[in-house]
Amino acid sequence: MPTQSVLVRDPSFLARVLQQYLSLLKKYPIITKSVTSGILSSLGNLLSQALEYRKSSKENSPKKKINILGPVHFAIFGLFFTGPLSHYFYQLLEVLLPTTVPYCLIKRLLLERLIFAPAFLLLFYVVMNALEGKTITDVQNKLKTSYWPAMKMNWKVWTPFQFININYIPVQFRVLFANMVALFWYAYLASVRK
């Protein structure tokens with residue numbers, strides 16, 4: 001009995017996947033956002049490693065093997081930190097600064113960029129170094145050498161995306177939108193943390 005394989009490009013397949021995602025998002029918003037964050041964070045780390053591998057191949061330098069713990073650590077961070085914290089932060093923004101507040105577009109952006117982003121980046125450094133078994137001294141040294149450059153790059157890269165995200169993307173899709181941008185951001189962070 002012949003069977004047909006379903007093409008990923010099949011519009012009905014994509015529609016079913018989207019419907020399933022939206023259903024899960026409605027029933028289990030935090031879990032869905034957390035799992036999505038974990039998967040996309042892990043993919044961001046894999047992307048970083050693939051780019052490093054490709055770069056070393058072109059430069060004829062020793063090829064690095066894929067470090068399986070990298071994606072695992074990023075998945076843990078996405079699952080337990082990025083997903084839940086981002087969900088609650090975006091909900092809090094809606095309560096603290098509804099669209100009826102004068103200059104809410106700018107106030108939301110400033111709150112996210114000047115309070116949430118620096119704290120979240122610090123959390124990223126601490127958690128990732130802890131997952132890697134680093135000492136507190138190692139964490140302090142890493143913060144001294146790379147936190148400020150990473151924060152400045154965060155402000156450059158994320159500010160336009162976050163302005164769009166927190167002001168124009170429906171609240172239930174903000175974590176997903178940020179995760180799509182973060183796919184590439186985590187690739188950058190993984191490379192600067194080394």
# chains A, B, ... in the order shown; residues from 1 in each chain; ligands from 1
call {"tool": "residues_around", "arguments": {"residues": "Leu123 of chain A", "least_positions_apart": "4", "cutoff": "10 Å", "atoms": "only C-alpha atoms", "output": "mmCIF file with N, CA, C and O atoms, in the first residue's frame"}}
result
data_model
loop_
_atom_site.group_PDB
_atom_site.id
_atom_site.type_symbol
_atom_site.label_atom_id
_atom_site.label_comp_id
_atom_site.auth_asym_id
_atom_site.auth_seq_id
_atom_site.Cartn_x
_atom_site.Cartn_y
_atom_site.Cartn_z
ATOM 1 N N PHE A 77 18.296 27.639 29.169
ATOM 2 C CA PHE A 77 18.085 29.063 29.425
ATOM 3 C C PHE A 77 16.783 29.550 28.788
ATOM 4 O O PHE A 77 15.998 30.267 29.416
ATOM 5 N N PHE A 81 14.111 30.460 31.533
ATOM 6 C CA PHE A 81 14.299 31.887 31.798
ATOM 7 C C PHE A 81 13.667 32.768 30.720
ATOM 8 O O PHE A 81 12.810 33.589 31.022
ATOM 9 N N THR A 82 14.110 32.614 29.468
ATOM 10 C CA THR A 82 13.635 33.503 28.412
ATOM 11 C C THR A 82 12.119 33.441 28.253
ATOM 12 O O THR A 82 11.457 34.483 28.261
ATOM 13 N N ALA A 117 16.473 44.874 29.639
ATOM 14 C CA ALA A 117 17.562 44.336 28.810
ATOM 15 C C ALA A 117 18.880 44.184 29.585
ATOM 16 O O ALA A 117 19.498 43.115 29.515
ATOM 17 N N PRO A 118 19.333 45.197 30.337
ATOM 18 C CA PRO A 118 20.585 45.003 31.085
ATOM 19 C C PRO A 118 20.487 43.891 32.138
ATOM 20 O O PRO A 118 21.412 43.092 32.289
ATOM 21 N N ALA A 119 19.349 43.837 32.829
ATOM 22 C CA ALA A 119 19.169 42.787 33.844
ATOM 23 C C ALA A 119 19.110 41.401 33.189
ATOM 24 O O ALA A 119 19.685 40.439 33.697
ATOM 25 N N VAL A 127 23.739 32.683 34.395
ATOM 26 C CA VAL A 127 23.179 31.345 34.218
ATOM 27 C C VAL A 127 24.033 30.507 33.283
ATOM 28 O O VAL A 127 24.340 29.343 33.572
ATOM 29 N N MET A 128 24.433 31.068 32.150
ATOM 30 C CA MET A 128 25.218 30.289 31.193
ATOM 31 C C MET A 128 26.557 29.873 31.793
ATOM 32 O O MET A 128 27.001 28.742 31.599
ATOM 33 N N ASN A 129 27.192 30.759 32.523
ATOM 34 C CA ASN A 129 28.461 30.394 33.158
ATOM 35 C C ASN A 129 28.249 29.348 34.251
ATOM 36 O O ASN A 129 29.079 28.452 34.414
#
call {"tool": "residues_around", "arguments": {"residues": "Phe89 of chain A", "least_positions_apart": "4", "cutoff": "10 Å", "atoms": "only C-alpha atoms", "output": "list of chain:residue names"}}
result
A:Pro84, A:Leu85, A:Leu93, A:Glu94, A:Val95, A:Glu112, A:Phe116, A:Val175
call {"tool": "write_last_selection", "arguments": {"atoms": "all heavy atoms", "output": "PDB file, in the first residue's frame"}}
result
ATOM      1  N   PRO A  84       9.470  32.197  30.220  1.00  0.00           N
ATOM      2  CA  PRO A  84       8.624  32.707  31.307  1.00  0.00           C
ATOM      3  C   PRO A  84       8.856  34.182  31.634  1.00  0.00           C
ATOM      4  O   PRO A  84       7.895  34.940  31.797  1.00  0.00           O
ATOM      5  CB  PRO A  84       9.000  31.838  32.511  1.00  0.00           C
ATOM      6  CG  PRO A  84       9.763  30.690  31.984  1.00  0.00           C
ATOM      7  CD  PRO A  84      10.295  31.067  30.642  1.00  0.00           C
ATOM      8  N   LEU A  85      10.122  34.602  31.718  1.00  0.00           N
ATOM      9  CA  LEU A  85      10.391  36.002  32.075  1.00  0.00           C
ATOM     10  C   LEU A  85       9.876  36.964  31.014  1.00  0.00           C
ATOM     11  O   LEU A  85       9.303  38.012  31.341  1.00  0.00           O
ATOM     12  CB  LEU A  85      11.890  36.226  32.314  1.00  0.00           C
ATOM     13  CG  LEU A  85      12.464  35.568  33.562  1.00  0.00           C
ATOM     14  CD1 LEU A  85      13.976  35.781  33.627  1.00  0.00           C
ATOM     15  CD2 LEU A  85      11.801  36.091  34.823  1.00  0.00           C
ATOM     16  N   LEU A  93       4.182  45.091  30.974  1.00  0.00           N
ATOM     17  CA  LEU A  93       4.199  46.322  30.181  1.00  0.00           C
ATOM     18  C   LEU A  93       2.786  46.785  29.838  1.00  0.00           C
ATOM     19  O   LEU A  93       2.501  47.980  29.853  1.00  0.00           O
ATOM     20  CB  LEU A  93       4.967  46.116  28.878  1.00  0.00           C
ATOM     21  CG  LEU A  93       6.454  46.364  28.871  1.00  0.00           C
ATOM     22  CD1 LEU A  93       7.019  46.167  27.472  1.00  0.00           C
ATOM     23  CD2 LEU A  93       6.820  47.715  29.398  1.00  0.00           C
ATOM     24  N   GLU A  94       1.925  45.831  29.511  1.00  0.00           N
ATOM     25  CA  GLU A  94       0.538  46.176  29.167  1.00  0.00           C
ATOM     26  C   GLU A  94      -0.196  46.778  30.357  1.00  0.00           C
ATOM     27  O   GLU A  94      -1.027  47.664  30.193  1.00  0.00           O
ATOM     28  CB  GLU A  94      -0.203  44.928  28.667  1.00  0.00           C
ATOM     29  CG  GLU A  94       0.274  44.417  27.339  1.00  0.00           C
ATOM     30  CD  GLU A  94       0.140  45.449  26.237  1.00  0.00           C
ATOM     31  OE1 GLU A  94      -0.961  46.000  26.049  1.00  0.00           O
ATOM     32  OE2 GLU A  94       1.157  45.711  25.564  1.00  0.00           O
ATOM     33  N   VAL A  95       0.118  46.308  31.557  1.00  0.00           N
ATOM     34  CA  VAL A  95      -0.538  46.819  32.766  1.00  0.00           C
ATOM     35  C   VAL A  95       0.041  48.174  33.168  1.00  0.00           C
ATOM     36  O   VAL A  95      -0.696  49.112  33.449  1.00  0.00           O
ATOM     37  CB  VAL A  95      -0.399  45.802  33.926  1.00  0.00           C
ATOM     38  CG1 VAL A  95      -0.915  46.379  35.230  1.00  0.00           C
ATOM     39  CG2 VAL A  95      -1.121  44.504  33.589  1.00  0.00           C
ATOM     40  N   GLU A 112      12.040  48.832  28.696  1.00  0.00           N
ATOM     41  CA  GLU A 112      12.605  47.570  28.204  1.00  0.00           C
ATOM     42  C   GLU A 112      14.106  47.688  27.971  1.00  0.00           C
ATOM     43  O   GLU A 112      14.881  46.825  28.375  1.00  0.00           O
ATOM     44  CB  GLU A 112      11.899  47.156  26.906  1.00  0.00           C
ATOM     45  CG  GLU A 112      12.142  45.710  26.504  1.00  0.00           C
ATOM     46  CD  GLU A 112      13.483  45.475  25.853  1.00  0.00           C
ATOM     47  OE1 GLU A 112      14.024  46.416  25.208  1.00  0.00           O
ATOM     48  OE2 GLU A 112      14.020  44.362  25.991  1.00  0.00           O
ATOM     49  N   PHE A 116      14.977  46.239  31.725  1.00  0.00           N
ATOM     50  CA  PHE A 116      14.855  44.798  31.463  1.00  0.00           C
ATOM     51  C   PHE A 116      16.061  44.242  30.715  1.00  0.00           C
ATOM     52  O   PHE A 116      16.627  43.219  31.110  1.00  0.00           O
ATOM     53  CB  PHE A 116      13.562  44.501  30.695  1.00  0.00           C
ATOM     54  CG  PHE A 116      13.308  43.033  30.490  1.00  0.00           C
ATOM     55  CD1 PHE A 116      12.875  42.240  31.542  1.00  0.00           C
ATOM     56  CD2 PHE A 116      13.495  42.431  29.248  1.00  0.00           C
ATOM     57  CE1 PHE A 116      12.642  40.893  31.372  1.00  0.00           C
ATOM     58  CE2 PHE A 116      13.269  41.083  29.059  1.00  0.00           C
ATOM     59  CZ  PHE A 116      12.837  40.305  30.128  1.00  0.00           C
ATOM     60  N   VAL A 175       6.740  37.188  22.543  1.00  0.00           N
ATOM     61  CA  VAL A 175       7.839  36.276  22.873  1.00  0.00           C
ATOM     62  C   VAL A 175       8.308  35.567  21.609  1.00  0.00           C
ATOM     63  O   VAL A 175       9.514  35.434  21.373  1.00  0.00           O
ATOM     64  CB  VAL A 175       7.428  35.273  23.969  1.00  0.00           C
ATOM     65  CG1 VAL A 175       8.536  34.262  24.226  1.00  0.00           C
ATOM     66  CG2 VAL A 175       7.076  36.005  25.262  1.00  0.00           C
TER      67      VAL A 175
END
call {"tool": "atom_distance", "arguments": {"atom1": "atom CA of Val126 of chain A", "atom2": "atom CA of Ser37 of chain A"}}
result
18.2 Å
call {"tool": "closest_residue", "arguments": {"among": "A:Ala75, A:Val17, A:Leu143, A:Ile68", "to": "Gly44 of chain A", "atoms": "only C-alpha atoms"}}
result
A:Ala75
call {"tool": "closest_residue", "arguments": {"among": "A:Ile106, A:Ile39, A:Ala130, A:Leu122", "to": "Phe163 of chain A", "atoms": "only C-alpha atoms"}}
result
A:Ile106
call {"tool": "decode", "arguments": {"residues": "segment 122-133 of chain A", "atoms": "all heavy atoms", "output": "PDB file, in the first residue's frame"}}
result
ATOM      1  N   LEU A 122      22.577  40.320  32.066  1.00  0.00           N
ATOM      2  CA  LEU A 122      23.339  39.898  33.249  1.00  0.00           C
ATOM      3  C   LEU A 122      22.915  38.486  33.664  1.00  0.00           C
ATOM      4  O   LEU A 122      23.765  37.628  33.945  1.00  0.00           O
ATOM      5  CB  LEU A 122      23.131  40.887  34.395  1.00  0.00           C
ATOM      6  CG  LEU A 122      23.808  40.536  35.713  1.00  0.00           C
ATOM      7  CD1 LEU A 122      25.326  40.521  35.559  1.00  0.00           C
ATOM      8  CD2 LEU A 122      23.390  41.529  36.794  1.00  0.00           C
ATOM      9  N   LEU A 123      21.620  38.253  33.696  1.00  0.00           N
ATOM     10  CA  LEU A 123      21.107  36.919  34.028  1.00  0.00           C
ATOM     11  C   LEU A 123      21.640  35.880  33.049  1.00  0.00           C
ATOM     12  O   LEU A 123      22.041  34.785  33.448  1.00  0.00           O
ATOM     13  CB  LEU A 123      19.572  36.927  34.018  1.00  0.00           C
ATOM     14  CG  LEU A 123      18.892  35.594  34.315  1.00  0.00           C
ATOM     15  CD1 LEU A 123      19.128  35.168  35.758  1.00  0.00           C
ATOM     16  CD2 LEU A 123      17.403  35.689  34.014  1.00  0.00           C
ATOM     17  N   PHE A 124      21.660  36.220  31.768  1.00  0.00           N
ATOM     18  CA  PHE A 124      22.188  35.315  30.752  1.00  0.00           C
ATOM     19  C   PHE A 124      23.630  34.925  31.078  1.00  0.00           C
ATOM     20  O   PHE A 124      23.976  33.745  31.073  1.00  0.00           O
ATOM     21  CB  PHE A 124      22.113  35.966  29.365  1.00  0.00           C
ATOM     22  CG  PHE A 124      22.800  35.171  28.297  1.00  0.00           C
ATOM     23  CD1 PHE A 124      22.168  34.102  27.689  1.00  0.00           C
ATOM     24  CD2 PHE A 124      24.090  35.490  27.903  1.00  0.00           C
ATOM     25  CE1 PHE A 124      22.811  33.359  26.711  1.00  0.00           C
ATOM     26  CE2 PHE A 124      24.742  34.754  26.923  1.00  0.00           C
ATOM     27  CZ  PHE A 124      24.099  33.689  26.326  1.00  0.00           C
ATOM     28  N   TYR A 125      24.468  35.914  31.359  1.00  0.00           N
ATOM     29  CA  TYR A 125      25.870  35.625  31.666  1.00  0.00           C
ATOM     30  C   TYR A 125      26.003  34.734  32.896  1.00  0.00           C
ATOM     31  O   TYR A 125      26.771  33.776  32.899  1.00  0.00           O
ATOM     32  CB  TYR A 125      26.651  36.927  31.869  1.00  0.00           C
ATOM     33  CG  TYR A 125      27.216  37.486  30.593  1.00  0.00           C
ATOM     34  CD1 TYR A 125      26.468  38.340  29.789  1.00  0.00           C
ATOM     35  CD2 TYR A 125      28.498  37.177  30.184  1.00  0.00           C
ATOM     36  CE1 TYR A 125      26.981  38.850  28.623  1.00  0.00           C
ATOM     37  CE2 TYR A 125      29.032  37.689  29.014  1.00  0.00           C
ATOM     38  CZ  TYR A 125      28.258  38.525  28.233  1.00  0.00           C
ATOM     39  OH  TYR A 125      28.774  39.039  27.066  1.00  0.00           O
ATOM     40  N   VAL A 126      25.275  35.049  33.942  1.00  0.00           N
ATOM     41  CA  VAL A 126      25.386  34.290  35.186  1.00  0.00           C
ATOM     42  C   VAL A 126      24.905  32.853  34.991  1.00  0.00           C
ATOM     43  O   VAL A 126      25.595  31.893  35.363  1.00  0.00           O
ATOM     44  CB  VAL A 126      24.606  34.994  36.326  1.00  0.00           C
ATOM     45  CG1 VAL A 126      24.509  34.104  37.553  1.00  0.00           C
ATOM     46  CG2 VAL A 126      25.266  36.329  36.672  1.00  0.00           C
ATOM     47  N   VAL A 127      23.739  32.683  34.395  1.00  0.00           N
ATOM     48  CA  VAL A 127      23.179  31.345  34.218  1.00  0.00           C
ATOM     49  C   VAL A 127      24.033  30.507  33.283  1.00  0.00           C
ATOM     50  O   VAL A 127      24.340  29.343  33.572  1.00  0.00           O
ATOM     51  CB  VAL A 127      21.712  31.417  33.715  1.00  0.00           C
ATOM     52  CG1 VAL A 127      21.192  30.047  33.301  1.00  0.00           C
ATOM     53  CG2 VAL A 127      20.816  32.018  34.795  1.00  0.00           C
ATOM     54  N   MET A 128      24.433  31.068  32.150  1.00  0.00           N
ATOM     55  CA  MET A 128      25.218  30.289  31.193  1.00  0.00           C
ATOM     56  C   MET A 128      26.557  29.873  31.793  1.00  0.00           C
ATOM     57  O   MET A 128      27.001  28.742  31.599  1.00  0.00           O
ATOM     58  CB  MET A 128      25.422  31.071  29.896  1.00  0.00           C
ATOM     59  CG  MET A 128      24.144  31.292  29.122  1.00  0.00           C
ATOM     60  SD  MET A 128      23.253  29.782  28.741  1.00  0.00           S
ATOM     61  CE  MET A 128      24.200  29.170  27.382  1.00  0.00           C
ATOM     62  N   ASN A 129      27.192  30.759  32.523  1.00  0.00           N
ATOM     63  CA  ASN A 129      28.461  30.394  33.158  1.00  0.00           C
ATOM     64  C   ASN A 129      28.249  29.348  34.251  1.00  0.00           C
ATOM     65  O   ASN A 129      29.079  28.452  34.414  1.00  0.00           O
ATOM     66  CB  ASN A 129      29.177  31.637  33.693  1.00  0.00           C
ATOM     67  CG  ASN A 129      29.894  32.380  32.592  1.00  0.00           C
ATOM     68  OD1 ASN A 129      30.977  31.999  32.188  1.00  0.00           O
ATOM     69  ND2 ASN A 129      29.273  33.428  32.076  1.00  0.00           N
ATOM     70  N   ALA A 130      27.156  29.439  34.971  1.00  0.00           N
ATOM     71  CA  ALA A 130      26.842  28.426  35.987  1.00  0.00           C
ATOM     72  C   ALA A 130      26.607  27.065  35.323  1.00  0.00           C
ATOM     73  O   ALA A 130      27.100  26.037  35.803  1.00  0.00           O
ATOM     74  CB  ALA A 130      25.614  28.846  36.796  1.00  0.00           C
ATOM     75  N   LEU A 131      25.871  27.058  34.214  1.00  0.00           N
ATOM     76  CA  LEU A 131      25.628  25.806  33.496  1.00  0.00           C
ATOM     77  C   LEU A 131      26.924  25.197  32.971  1.00  0.00           C
ATOM     78  O   LEU A 131      27.037  23.971  32.842  1.00  0.00           O
ATOM     79  CB  LEU A 131      24.648  26.031  32.340  1.00  0.00           C
ATOM     80  CG  LEU A 131      23.197  26.308  32.723  1.00  0.00           C
ATOM     81  CD1 LEU A 131      22.386  26.730  31.507  1.00  0.00           C
ATOM     82  CD2 LEU A 131      22.572  25.089  33.393  1.00  0.00           C
ATOM     83  N   GLU A 132      27.885  26.040  32.672  1.00  0.00           N
ATOM     84  CA  GLU A 132      29.182  25.561  32.186  1.00  0.00           C
ATOM     85  C   GLU A 132      30.124  25.186  33.321  1.00  0.00           C
ATOM     86  O   GLU A 132      31.259  24.776  33.083  1.00  0.00           O
ATOM     87  CB  GLU A 132      29.831  26.633  31.303  1.00  0.00           C
ATOM     88  CG  GLU A 132      29.079  26.860  30.008  1.00  0.00           C
ATOM     89  CD  GLU A 132      29.536  28.102  29.263  1.00  0.00           C
ATOM     90  OE1 GLU A 132      30.429  28.830  29.760  1.00  0.00           O
ATOM     91  OE2 GLU A 132      28.981  28.357  28.181  1.00  0.00           O
ATOM     92  N   GLY A 133      29.658  25.346  34.571  1.00  0.00           N
ATOM     93  CA  GLY A 133      30.473  24.961  35.718  1.00  0.00           C
ATOM     94  C   GLY A 133      31.574  25.943  36.053  1.00  0.00           C
ATOM     95  O   GLY A 133      32.542  25.592  36.730  1.00  0.00           O
TER      96      GLY A 133
END
